[in-house]
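J.: Quick one: structure below, then a few questions.
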Amino acid sequence: MPINPDLLLNRPFEPRSHRYRECDTVLYALGCGLGADPLDAGQLRYVYEHAPGGLCALPTLANILGYFGFWADQPDTGITWRKLVHAEQHIELQRPLRASGHIVGENRIVGLHDKGAEKGALMLQDRRIVDAASGELLATVTQTTMLRGDGGFGATQGATHGRAPLPAHVLPDRAADAVCDLATLPQAALLYRLNGDANPLHADPATARAAGFVRPILHGLATMGVAMHAVLRALLGYDAGAVRGMRVRFTAPVLPGDTLRTEMWRDGGVVSLRTTAMERRVVVLGSGRIDLSD
């Protein structure tokens, strides 16, 4: 049975209260590969609460704050959840995130784009992250999911219900200004899933095979965190306060243990990026963009 776009666009989500501690912020950074060099003072400020100046939060920590978990497998959604994959992620920060706090996540589905019965559909979700005490907006996270088994629900191919997906960010046509290679751990997906994403695709070999993968794959958001680490390391001197937003497209899965090469182009307040799994020569993040503070 095709998904019902009206039901999904009006699906209610109760606000999600989330108290996070410094240890949660450290676990997130470790899941993104920081701390691999324990003598690197830049990395240490994200994984050690007593580092000079105190613990910092990676800007991409917004991806897990107020997160609603893996809800697509609930029967009333109509989603063929075993075939969904993360397509794109976009975060906007109002200011640098604190290393601990109490926030509320407010989630809603804002768009469905039908690519056709054979090609699937795109689903857009917005999550507002607000301070629990003041109601101040701290960040907005937009997640685009490819529903590979759920196309063909629109009256015509290409029909959009709600908000349409953004066009791809175009990378500069020149040699990269900087390149950073970062290794991932063989157990990276098992570590990253402790941040709250329990999709068995990242842990269970049988589920991965059923979805068409040879083995469990790394979370797209973990790959995004690795790319953020690369930019902080290569261009920003590990200054998280310089980042105001990040957007990436997930173009191919990462296998835990891959070495990820991130190419970067800086043009004023915009850093464009592309990430490749070096051993397999596969681009895993494309059309990447980081917006910097003034």
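Convention: chains lettered A, B, ... in structure tokens order; per-chain residue numbering from 1; ligands numbered from 1 as shown.
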What lies within 7 Å of stretch 234-245 of chain A using only C-alpha atoms, ignoring chain neighbours under 4 positions off, as number ranges by chain?

T.: A: 42, 58-59, 91-94, 96, 178, 180, 230, 290-293

J.: Between stretch 154-232 of chain A and stretch 31-36 of chain A, at 8 Å or less, what are the per-residue closest atom pairs and their distances in Å? Count only C-alpha atoms, order by chain and rising residue number, and return it as CSV.

T.:
residue,atom,partner,partner_atom,distance
A:Ala183,CA,A:Gly33,CA,7.8
A:Thr184,CA,A:Gly33,CA,6.5
A:Leu185,CA,A:Gly33,CA,7.7
A:Ala188,CA,A:Gly31,CA,6.4
A:Ala189,CA,A:Gly31,CA,7.9
A:Leu191,CA,A:Gly31,CA,5.6
A:Tyr192,CA,A:Gly31,CA,4.6
A:Ala222,CA,A:Cys32,CA,5.5
A:Thr223,CA,A:Cys32,CA,7.3
A:Gly225,CA,A:Cys32,CA,5.3
A:Val226,CA,A:Cys32,CA,5.3
A:His229,CA,A:Leu34,CA,7.4

J.: For a quick check of understanding, using only C-alpha atoms, which of A:Gly53, A:Val248, A:Arg98, A:Thr207 has the smallest distance to A:Thr144?

T.: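 Counting only C-alpha atoms, the residue closest to A:Thr144 is A:Val248.
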
J.: Of the candidates A:Trp81, A:Tyr48, A:Ala87, A:Leu30, which shows the shortest atom-to-atom distance to A:Gln187, using only C-alpha atoms?

T.: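 Looking at the shortest contact to A:Gln187, the residue is A:Leu30.
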
J.: What's the 7 Å shell around stretch 216-218 of chain A, counting only C-alpha atoms, without same-chain residues fewer than 6 positions away, as a VMD selection string?

T.: chain A and resid 188 to 189 201 to 205 208 253 to 256

J.: Would you write out those residues with N, CA and C atoms, as an mmCIF file, in the first residue's frame?

T.:
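The resulting file, result38.cif, is reproduced below:
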data_model
loop_
_atom_site.group_PDB
_atom_site.id
_atom_site.type_symbol
_atom_site.label_atom_id
_atom_site.label_comp_id
_atom_site.auth_asym_id
_atom_site.auth_seq_id
_atom_site.Cartn_x
_atom_site.Cartn_y
_atom_site.Cartn_z
ATOM 1 N N ALA A 188 32.998 1.683 14.510
ATOM 2 C CA ALA A 188 32.481 3.056 14.565
ATOM 3 C C ALA A 188 30.950 3.096 14.632
ATOM 4 N N ALA A 189 30.261 2.261 13.848
ATOM 5 C CA ALA A 189 28.796 2.290 13.853
ATOM 6 C C ALA A 189 28.240 1.819 15.188
ATOM 7 N N LEU A 201 20.122 -1.406 10.883
ATOM 8 C CA LEU A 201 20.938 -1.374 9.675
ATOM 9 C C LEU A 201 22.418 -1.154 10.002
ATOM 10 N N HIS A 202 22.680 -0.511 11.149
ATOM 11 C CA HIS A 202 24.048 -0.160 11.515
ATOM 12 C C HIS A 202 24.690 -1.159 12.470
ATOM 13 N N ALA A 203 23.966 -2.239 12.799
ATOM 14 C CA ALA A 203 24.504 -3.202 13.757
ATOM 15 C C ALA A 203 24.266 -4.656 13.366
ATOM 16 N N ASP A 204 23.140 -4.944 12.727
ATOM 17 C CA ASP A 204 22.717 -6.316 12.487
ATOM 18 C C ASP A 204 23.024 -6.723 11.043
ATOM 19 N N PRO A 205 23.922 -7.687 10.822
ATOM 20 C CA PRO A 205 24.248 -8.089 9.448
ATOM 21 C C PRO A 205 23.046 -8.560 8.640
ATOM 22 N N ALA A 208 21.139 -5.547 7.421
ATOM 23 C CA ALA A 208 21.909 -4.886 6.367
ATOM 24 C C ALA A 208 21.775 -5.628 5.041
ATOM 25 N N PRO A 253 27.107 4.777 0.969
ATOM 26 C CA PRO A 253 27.341 4.369 2.354
ATOM 27 C C PRO A 253 28.827 4.282 2.682
ATOM 28 N N VAL A 254 29.144 4.526 3.951
ATOM 29 C CA VAL A 254 30.492 4.328 4.486
ATOM 30 C C VAL A 254 30.521 3.004 5.229
ATOM 31 N N LEU A 255 31.566 2.221 5.017
ATOM 32 C CA LEU A 255 31.766 0.996 5.766
ATOM 33 C C LEU A 255 32.690 1.301 6.941
ATOM 34 N N PRO A 256 32.297 0.940 8.153
ATOM 35 C CA PRO A 256 33.173 1.194 9.295
ATOM 36 C C PRO A 256 34.578 0.651 9.038
#

J.: Extract, using only C-alpha atoms, all DNA, RNA and protein residues at most 12 Å from A:Pro5, discarding same-chain residues fewer than 4 positions from it, and format them as a PyMOL selection string.

T.: chain A and resi 9-11+77-79+109-114+121-124+150-155+159-162
